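Undergrad: Sharing a structure below in structure tokens format, with a few things to ask.
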Amino acid sequence: MVPNLEFVEVPGQHGLHPFWLAKELWRLDPERAFQTVLLPGPQHEWAGPRRNYYLHDRTDRARAYELILREGNPSDLLDYIDGALLVDIWKELHLPDPIRRAWQPLIRKALPTRRRRRASDWKGNGPHGALIRLRPSERAKHLQLTDEDAPDEPNG
């Protein structure tokens, strides 16, 4: 089952024409995600010359995604952009600031959250950063310890 994806047209600002923003990311099947596409197609009136984009090539995929995010309608987005691949190359895309700001929350939501280490999570024998001061051979040995091998912590 494919979710019913919704798109919002974002008004143009600062000389940028309106663009489309999805409310969630989606996936394409691999064959479509890595296909060769001719953009802009005959049905498009986008700026720029027509050319083939090889979506299996990371650099070409980035250039195609930039063009589609700037110029495409919801149908183009759904046809050519894969959400996971978009997240993967997001930092490499050259996009106008309004488009980047609009899509950024979706990208951030798709990324795994990194939990910050709390002081209570520390299982070392010294202050935070003590492991850095060890010689490389001692640091490697310390990092290989399992919970069973680790020295007992005082109960507190």
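Convention: chains lettered A, B, ... in structure tokens order; per-chain residue numbering from 1; ligands numbered from 1 as shown.
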So which residues touch segment 83-93 of chain A within 9 Å, counting only C-alpha atoms, skipping near sequence neighbours fewer than 3 positions away, as a list in words?

TA: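 Contacts, in chain order: Glu24, Leu25, Trp26, Arg27, Leu28, Ala33, Arg58, Thr59, Arg61, Ala62, Arg63, Tyr65, Glu66, Arg100, Gln104, Leu106, Ile107, Arg108, Ala110 and Leu111 of chain A.
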
Undergrad: May I have the residues from that selection written out with N, CA and C atoms, as a JSON list (two decimals), in the first residue's frame?

TA:
[["chain", "number", "residue", "atom", "x", "y", "z"],
["A", 24, "GLU", "N", 5.71, 14.52, 3.55],
["A", 24, "GLU", "CA", 6.51, 13.40, 4.06],
["A", 24, "GLU", "C", 7.35, 12.87, 2.90],
["A", 25, "LEU", "N", 8.38, 12.13, 3.24],
["A", 25, "LEU", "CA", 9.24, 11.53, 2.21],
["A", 25, "LEU", "C", 8.68, 10.18, 1.77],
["A", 26, "TRP", "N", 9.06, 9.73, 0.63],
["A", 26, "TRP", "CA", 8.59, 8.48, 0.05],
["A", 26, "TRP", "C", 9.76, 7.73, -0.56],
["A", 27, "ARG", "N", 9.54, 6.48, -0.92],
["A", 27, "ARG", "CA", 10.56, 5.65, -1.55],
["A", 27, "ARG", "C", 10.11, 5.25, -2.95],
["A", 28, "LEU", "N", 11.08, 5.11, -3.84],
["A", 28, "LEU", "CA", 10.85, 4.57, -5.17],
["A", 28, "LEU", "C", 11.41, 3.16, -5.22],
["A", 33, "ALA", "N", 14.45, 4.49, -9.07],
["A", 33, "ALA", "CA", 15.34, 5.40, -8.33],
["A", 33, "ALA", "C", 16.68, 5.59, -9.03],
["A", 58, "ARG", "N", 25.94, 9.39, -8.45],
["A", 58, "ARG", "CA", 25.66, 10.31, -7.34],
["A", 58, "ARG", "C", 25.65, 11.78, -7.76],
["A", 59, "THR", "N", 26.64, 12.18, -8.54],
["A", 59, "THR", "CA", 26.74, 13.58, -8.95],
["A", 59, "THR", "C", 25.59, 13.95, -9.88],
["A", 61, "ARG", "N", 22.71, 12.45, -10.03],
["A", 61, "ARG", "CA", 21.49, 12.41, -9.23],
["A", 61, "ARG", "C", 21.33, 13.72, -8.45],
["A", 62, "ALA", "N", 22.41, 14.25, -7.91],
["A", 62, "ALA", "CA", 22.34, 15.52, -7.17],
["A", 62, "ALA", "C", 21.88, 16.65, -8.09],
["A", 63, "ARG", "N", 22.44, 16.72, -9.30],
["A", 63, "ARG", "CA", 22.05, 17.80, -10.23],
["A", 63, "ARG", "C", 20.58, 17.65, -10.64],
["A", 65, "TYR", "N", 18.17, 16.15, -8.86],
["A", 65, "TYR", "CA", 17.34, 16.46, -7.71],
["A", 65, "TYR", "C", 17.25, 17.98, -7.50],
["A", 66, "GLU", "N", 18.34, 18.70, -7.71],
["A", 66, "GLU", "CA", 18.31, 20.16, -7.59],
["A", 66, "GLU", "C", 17.30, 20.74, -8.58],
["A", 100, "ARG", "N", 15.72, 25.02, 0.56],
["A", 100, "ARG", "CA", 16.45, 24.26, 1.58],
["A", 100, "ARG", "C", 15.75, 24.38, 2.94],
["A", 104, "GLN", "N", 14.14, 21.14, 4.87],
["A", 104, "GLN", "CA", 15.02, 20.71, 5.96],
["A", 104, "GLN", "C", 14.32, 19.94, 7.08],
["A", 106, "LEU", "N", 11.84, 17.88, 6.94],
["A", 106, "LEU", "CA", 11.62, 16.51, 6.47],
["A", 106, "LEU", "C", 12.90, 15.70, 6.48],
["A", 107, "ILE", "N", 13.98, 16.34, 6.05],
["A", 107, "ILE", "CA", 15.28, 15.67, 6.02],
["A", 107, "ILE", "C", 15.70, 15.33, 7.44],
["A", 108, "ARG", "N", 15.59, 16.30, 8.33],
["A", 108, "ARG", "CA", 15.99, 16.09, 9.73],
["A", 108, "ARG", "C", 15.17, 14.99, 10.38],
["A", 110, "ALA", "N", 13.94, 12.42, 8.98],
["A", 110, "ALA", "CA", 14.31, 11.11, 8.44],
["A", 110, "ALA", "C", 15.64, 10.60, 8.99],
["A", 111, "LEU", "N", 16.46, 11.49, 9.53],
["A", 111, "LEU", "CA", 17.76, 11.08, 10.05],
["A", 111, "LEU", "C", 17.62, 10.43, 11.42]]

Undergrad: Can you work out the spacing between atom CA of Gly72 of chain A and atom CA of Leu5 of chain A in Å, to one decimal?

TA: 15.5 Å

Undergrad: Give me the residues within 12 Å of Thr36 of chain A as a ChimeraX atom specification, counting only C-alpha atoms and dropping any in the same chain fewer than 2 places off.

TA: /A:31-34,38-39,51-57,60-61,64,79-80

Undergrad: Rounded to one decimal, what separation in Å do you get between atom CA of Leu95 of chain A and atom CA of Asp29 of chain A?

TA: 25.2 Å

Undergrad: Which residues, written as a list of chain:residue names, have at least one atom at most 9 Å from Leu77 of chain A, with only C-alpha atoms counted and residues fewer than 5 positions away on the same chain left out?

TA: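 Residues near the query, excluding close chain neighbours: A:Trp20, A:Ala22, A:Tyr65, A:Ile68, A:Leu69, A:Gly72, A:Asp82.
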
Undergrad: What is the distance between atom CA of Ala47 of chain A and atom CA of Leu78 of chain A, in Å to one decimal?

TA: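 Interatomic distance here is 20.1 Å.
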
Undergrad: Give me, as a PDB file with N, CA and C atoms, in the first residue's frame, the residues of segment 7-134 of chain A that a backbone DSSP run labels helix (DSSP H, G or I).

TA:
ATOM      1  N   PRO A  30      13.885   0.441  -6.662  1.00  0.00           N
ATOM      2  CA  PRO A  30      15.261   0.692  -7.121  1.00  0.00           C
ATOM      3  C   PRO A  30      15.396   0.943  -8.624  1.00  0.00           C
ATOM      4  N   GLU A  31      14.614   0.239  -9.417  1.00  0.00           N
ATOM      5  CA  GLU A  31      14.701   0.439 -10.867  1.00  0.00           C
ATOM      6  C   GLU A  31      14.389   1.884 -11.243  1.00  0.00           C
ATOM      7  N   ARG A  32      13.375   2.445 -10.630  1.00  0.00           N
ATOM      8  CA  ARG A  32      13.016   3.849 -10.909  1.00  0.00           C
ATOM      9  C   ARG A  32      13.995   4.817 -10.251  1.00  0.00           C
ATOM     10  N   ALA A  33      14.451   4.490  -9.066  1.00  0.00           N
ATOM     11  CA  ALA A  33      15.337   5.398  -8.331  1.00  0.00           C
ATOM     12  C   ALA A  33      16.679   5.585  -9.030  1.00  0.00           C
ATOM     13  N   ARG A  58      25.938   9.390  -8.448  1.00  0.00           N
ATOM     14  CA  ARG A  58      25.658  10.306  -7.336  1.00  0.00           C
ATOM     15  C   ARG A  58      25.655  11.776  -7.758  1.00  0.00           C
ATOM     16  N   THR A  59      26.644  12.184  -8.535  1.00  0.00           N
ATOM     17  CA  THR A  59      26.737  13.584  -8.954  1.00  0.00           C
ATOM     18  C   THR A  59      25.586  13.955  -9.882  1.00  0.00           C
ATOM     19  N   ASP A  60      25.295  13.104 -10.840  1.00  0.00           N
ATOM     20  CA  ASP A  60      24.174  13.369 -11.748  1.00  0.00           C
ATOM     21  C   ASP A  60      22.853  13.382 -10.988  1.00  0.00           C
ATOM     22  N   ARG A  61      22.707  12.451 -10.035  1.00  0.00           N
ATOM     23  CA  ARG A  61      21.487  12.414  -9.229  1.00  0.00           C
ATOM     24  C   ARG A  61      21.328  13.720  -8.455  1.00  0.00           C
ATOM     25  N   ALA A  62      22.412  14.249  -7.913  1.00  0.00           N
ATOM     26  CA  ALA A  62      22.342  15.517  -7.171  1.00  0.00           C
ATOM     27  C   ALA A  62      21.883  16.646  -8.086  1.00  0.00           C
ATOM     28  N   ARG A  63      22.442  16.724  -9.299  1.00  0.00           N
ATOM     29  CA  ARG A  63      22.052  17.799 -10.228  1.00  0.00           C
ATOM     30  C   ARG A  63      20.582  17.652 -10.638  1.00  0.00           C
ATOM     31  N   ALA A  64      20.143  16.409 -10.878  1.00  0.00           N
ATOM     32  CA  ALA A  64      18.744  16.176 -11.247  1.00  0.00           C
ATOM     33  C   ALA A  64      17.822  16.555 -10.089  1.00  0.00           C
ATOM     34  N   TYR A  65      18.173  16.147  -8.863  1.00  0.00           N
ATOM     35  CA  TYR A  65      17.342  16.462  -7.708  1.00  0.00           C
ATOM     36  C   TYR A  65      17.246  17.981  -7.505  1.00  0.00           C
ATOM     37  N   GLU A  66      18.344  18.695  -7.709  1.00  0.00           N
ATOM     38  CA  GLU A  66      18.307  20.158  -7.592  1.00  0.00           C
ATOM     39  C   GLU A  66      17.301  20.741  -8.582  1.00  0.00           C
ATOM     40  N   LEU A  67      17.373  20.293  -9.823  1.00  0.00           N
ATOM     41  CA  LEU A  67      16.477  20.785 -10.866  1.00  0.00           C
ATOM     42  C   LEU A  67      15.023  20.449 -10.540  1.00  0.00           C
ATOM     43  N   ILE A  68      14.777  19.226 -10.124  1.00  0.00           N
ATOM     44  CA  ILE A  68      13.409  18.789  -9.839  1.00  0.00           C
ATOM     45  C   ILE A  68      12.842  19.519  -8.621  1.00  0.00           C
ATOM     46  N   LEU A  69      13.642  19.710  -7.586  1.00  0.00           N
ATOM     47  CA  LEU A  69      13.161  20.429  -6.399  1.00  0.00           C
ATOM     48  C   LEU A  69      12.852  21.888  -6.719  1.00  0.00           C
ATOM     49  N   ARG A  70      13.619  22.488  -7.632  1.00  0.00           N
ATOM     50  CA  ARG A  70      13.371  23.889  -8.014  1.00  0.00           C
ATOM     51  C   ARG A  70      12.203  24.026  -8.985  1.00  0.00           C
ATOM     52  N   GLU A  71      12.129  23.135  -9.959  1.00  0.00           N
ATOM     53  CA  GLU A  71      11.210  23.320 -11.086  1.00  0.00           C
ATOM     54  C   GLU A  71      10.030  22.354 -11.127  1.00  0.00           C
ATOM     55  N   PRO A  74       4.404  18.101  -8.191  1.00  0.00           N
ATOM     56  CA  PRO A  74       4.320  16.879  -7.386  1.00  0.00           C
ATOM     57  C   PRO A  74       4.538  15.590  -8.191  1.00  0.00           C
ATOM     58  N   SER A  75       4.016  15.542  -9.393  1.00  0.00           N
ATOM     59  CA  SER A  75       4.193  14.345 -10.218  1.00  0.00           C
ATOM     60  C   SER A  75       5.670  14.103 -10.525  1.00  0.00           C
ATOM     61  N   ASP A  76       6.420  15.168 -10.825  1.00  0.00           N
ATOM     62  CA  ASP A  76       7.855  15.035 -11.095  1.00  0.00           C
ATOM     63  C   ASP A  76       8.594  14.556  -9.846  1.00  0.00           C
ATOM     64  N   LEU A  77       8.254  15.135  -8.716  1.00  0.00           N
ATOM     65  CA  LEU A  77       8.894  14.740  -7.468  1.00  0.00           C
ATOM     66  C   LEU A  77       8.680  13.250  -7.217  1.00  0.00           C
ATOM     67  N   LEU A  78       7.440  12.803  -7.365  1.00  0.00           N
ATOM     68  CA  LEU A  78       7.117  11.395  -7.121  1.00  0.00           C
ATOM     69  C   LEU A  78       7.757  10.456  -8.143  1.00  0.00           C
ATOM     70  N   ASP A  79       7.933  10.933  -9.369  1.00  0.00           N
ATOM     71  CA  ASP A  79       8.505  10.099 -10.429  1.00  0.00           C
ATOM     72  C   ASP A  79      10.009   9.911 -10.301  1.00  0.00           C
ATOM     73  N   TYR A  80      10.729  10.930  -9.803  1.00  0.00           N
ATOM     74  CA  TYR A  80      12.182  10.909  -9.920  1.00  0.00           C
ATOM     75  C   TYR A  80      12.953  10.937  -8.597  1.00  0.00           C
ATOM     76  N   GLY A  83      13.128   9.375  -1.390  1.00  0.00           N
ATOM     77  CA  GLY A  83      13.353  10.046  -0.112  1.00  0.00           C
ATOM     78  C   GLY A  83      14.667   9.695   0.561  1.00  0.00           C
ATOM     79  N   ALA A  84      15.013   8.414   0.606  1.00  0.00           N
ATOM     80  CA  ALA A  84      16.267   8.007   1.263  1.00  0.00           C
ATOM     81  C   ALA A  84      17.479   8.528   0.507  1.00  0.00           C
ATOM     82  N   LEU A  85      17.414   8.508  -0.824  1.00  0.00           N
ATOM     83  CA  LEU A  85      18.537   9.029  -1.608  1.00  0.00           C
ATOM     84  C   LEU A  85      18.632  10.551  -1.488  1.00  0.00           C
ATOM     85  N   LEU A  86      17.492  11.213  -1.339  1.00  0.00           N
ATOM     86  CA  LEU A  86      17.498  12.659  -1.108  1.00  0.00           C
ATOM     87  C   LEU A  86      18.181  12.979   0.218  1.00  0.00           C
ATOM     88  N   VAL A  87      17.834  12.256   1.255  1.00  0.00           N
ATOM     89  CA  VAL A  87      18.458  12.466   2.568  1.00  0.00           C
ATOM     90  C   VAL A  87      19.968  12.235   2.469  1.00  0.00           C
ATOM     91  N   ASP A  88      20.360  11.196   1.737  1.00  0.00           N
ATOM     92  CA  ASP A  88      21.773  10.841   1.602  1.00  0.00           C
ATOM     93  C   ASP A  88      22.600  11.948   0.955  1.00  0.00           C
ATOM     94  N   ILE A  89      22.056  12.651  -0.043  1.00  0.00           N
ATOM     95  CA  ILE A  89      22.852  13.674  -0.746  1.00  0.00           C
ATOM     96  C   ILE A  89      22.452  15.093  -0.362  1.00  0.00           C
ATOM     97  N   TRP A  90      21.616  15.242   0.621  1.00  0.00           N
ATOM     98  CA  TRP A  90      21.065  16.557   0.982  1.00  0.00           C
ATOM     99  C   TRP A  90      22.141  17.630   1.153  1.00  0.00           C
ATOM    100  N   LYS A  91      23.202  17.327   1.879  1.00  0.00           N
ATOM    101  CA  LYS A  91      24.242  18.329   2.145  1.00  0.00           C
ATOM    102  C   LYS A  91      25.007  18.718   0.887  1.00  0.00           C
ATOM    103  N   GLU A  92      24.951  17.888  -0.146  1.00  0.00           N
ATOM    104  CA  GLU A  92      25.671  18.158  -1.387  1.00  0.00           C
ATOM    105  C   GLU A  92      24.861  18.973  -2.388  1.00  0.00           C
ATOM    106  N   ASP A  97      18.014  29.111  -0.762  1.00  0.00           N
ATOM    107  CA  ASP A  97      17.718  29.031   0.672  1.00  0.00           C
ATOM    108  C   ASP A  97      16.253  28.744   1.003  1.00  0.00           C
ATOM    109  N   PRO A  98      15.280  29.374   0.313  1.00  0.00           N
ATOM    110  CA  PRO A  98      13.885  29.062   0.674  1.00  0.00           C
ATOM    111  C   PRO A  98      13.530  27.580   0.477  1.00  0.00           C
ATOM    112  N   ILE A  99      14.067  26.962  -0.566  1.00  0.00           N
ATOM    113  CA  ILE A  99      13.782  25.545  -0.804  1.00  0.00           C
ATOM    114  C   ILE A  99      14.470  24.699   0.267  1.00  0.00           C
ATOM    115  N   ARG A 100      15.716  25.022   0.563  1.00  0.00           N
ATOM    116  CA  ARG A 100      16.451  24.262   1.584  1.00  0.00           C
ATOM    117  C   ARG A 100      15.752  24.381   2.938  1.00  0.00           C
ATOM    118  N   ARG A 101      15.348  25.578   3.323  1.00  0.00           N
ATOM    119  CA  ARG A 101      14.679  25.764   4.615  1.00  0.00           C
ATOM    120  C   ARG A 101      13.344  25.020   4.670  1.00  0.00           C
ATOM    121  N   ALA A 102      12.619  25.012   3.558  1.00  0.00           N
ATOM    122  CA  ALA A 102      11.314  24.348   3.543  1.00  0.00           C
ATOM    123  C   ALA A 102      11.440  22.831   3.679  1.00  0.00           C
ATOM    124  N   TRP A 103      12.415  22.228   2.997  1.00  0.00           N
ATOM    125  CA  TRP A 103      12.584  20.775   3.014  1.00  0.00           C
ATOM    126  C   TRP A 103      13.375  20.272   4.222  1.00  0.00           C
ATOM    127  N   GLN A 104      14.137  21.136   4.870  1.00  0.00           N
ATOM    128  CA  GLN A 104      15.023  20.714   5.959  1.00  0.00           C
ATOM    129  C   GLN A 104      14.319  19.938   7.078  1.00  0.00           C
ATOM    130  N   PRO A 105      13.139  20.339   7.541  1.00  0.00           N
ATOM    131  CA  PRO A 105      12.495  19.557   8.609  1.00  0.00           C
ATOM    132  C   PRO A 105      12.206  18.105   8.196  1.00  0.00           C
ATOM    133  N   LEU A 106      11.837  17.880   6.940  1.00  0.00           N
ATOM    134  CA  LEU A 106      11.616  16.506   6.467  1.00  0.00           C
ATOM    135  C   LEU A 106      12.903  15.705   6.477  1.00  0.00           C
ATOM    136  N   ILE A 107      13.978  16.338   6.047  1.00  0.00           N
ATOM    137  CA  ILE A 107      15.279  15.671   6.018  1.00  0.00           C
ATOM    138  C   ILE A 107      15.701  15.331   7.443  1.00  0.00           C
ATOM    139  N   ARG A 108      15.594  16.301   8.334  1.00  0.00           N
ATOM    140  CA  ARG A 108      15.994  16.095   9.730  1.00  0.00           C
ATOM    141  C   ARG A 108      15.173  14.987  10.380  1.00  0.00           C
ATOM    142  N   LYS A 109      13.886  14.957  10.070  1.00  0.00           N
ATOM    143  CA  LYS A 109      12.991  13.941  10.645  1.00  0.00           C
ATOM    144  C   LYS A 109      13.393  12.538  10.191  1.00  0.00           C
ATOM    145  N   ALA A 110      13.937  12.415   8.984  1.00  0.00           N
ATOM    146  CA  ALA A 110      14.313  11.106   8.440  1.00  0.00           C
ATOM    147  C   ALA A 110      15.644  10.598   8.990  1.00  0.00           C
ATOM    148  N   ALA A 119      26.031  12.050  31.838  1.00  0.00           N
ATOM    149  CA  ALA A 119      27.081  11.717  32.796  1.00  0.00           C
ATOM    150  C   ALA A 119      26.819  10.355  33.421  1.00  0.00           C
ATOM    151  N   SER A 120      25.547   9.983  33.619  1.00  0.00           N
ATOM    152  CA  SER A 120      25.228   8.700  34.241  1.00  0.00           C
ATOM    153  C   SER A 120      25.518   7.525  33.304  1.00  0.00           C
ATOM    154  N   ASP A 121      25.697   7.794  31.981  1.00  0.00           N
ATOM    155  CA  ASP A 121      26.014   6.729  31.016  1.00  0.00           C
ATOM    156  C   ASP A 121      27.491   6.372  31.038  1.00  0.00           C
ATOM    157  N   ALA A 130      39.175  11.051  29.813  1.00  0.00           N
ATOM    158  CA  ALA A 130      40.344  10.322  30.297  1.00  0.00           C
ATOM    159  C   ALA A 130      40.817   9.304  29.272  1.00  0.00           C
ATOM    160  N   LEU A 131      39.897   8.732  28.533  1.00  0.00           N
ATOM    161  CA  LEU A 131      40.253   7.740  27.534  1.00  0.00           C
ATOM    162  C   LEU A 131      41.138   8.348  26.446  1.00  0.00           C
ATOM    163  N   ILE A 132      40.942   9.600  26.158  1.00  0.00           N
ATOM    164  CA  ILE A 132      41.730  10.279  25.133  1.00  0.00           C
ATOM    165  C   ILE A 132      43.195  10.366  25.543  1.00  0.00           C
ATOM    166  N   ARG A 133      43.447  10.464  26.832  1.00  0.00           N
ATOM    167  CA  ARG A 133      44.821  10.627  27.316  1.00  0.00           C
ATOM    168  C   ARG A 133      45.603   9.317  27.353  1.00  0.00           C
TER     169      ARG A 133
END

Undergrad: For a quick check of understanding, using only C-alpha atoms, which of A:Ile81, A:Gln43, A:Phe19, A:Arg50 has the smallest distance to Phe7 of chain A?

TA: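 Under the stated criterion, the closest residue is A:Phe19.
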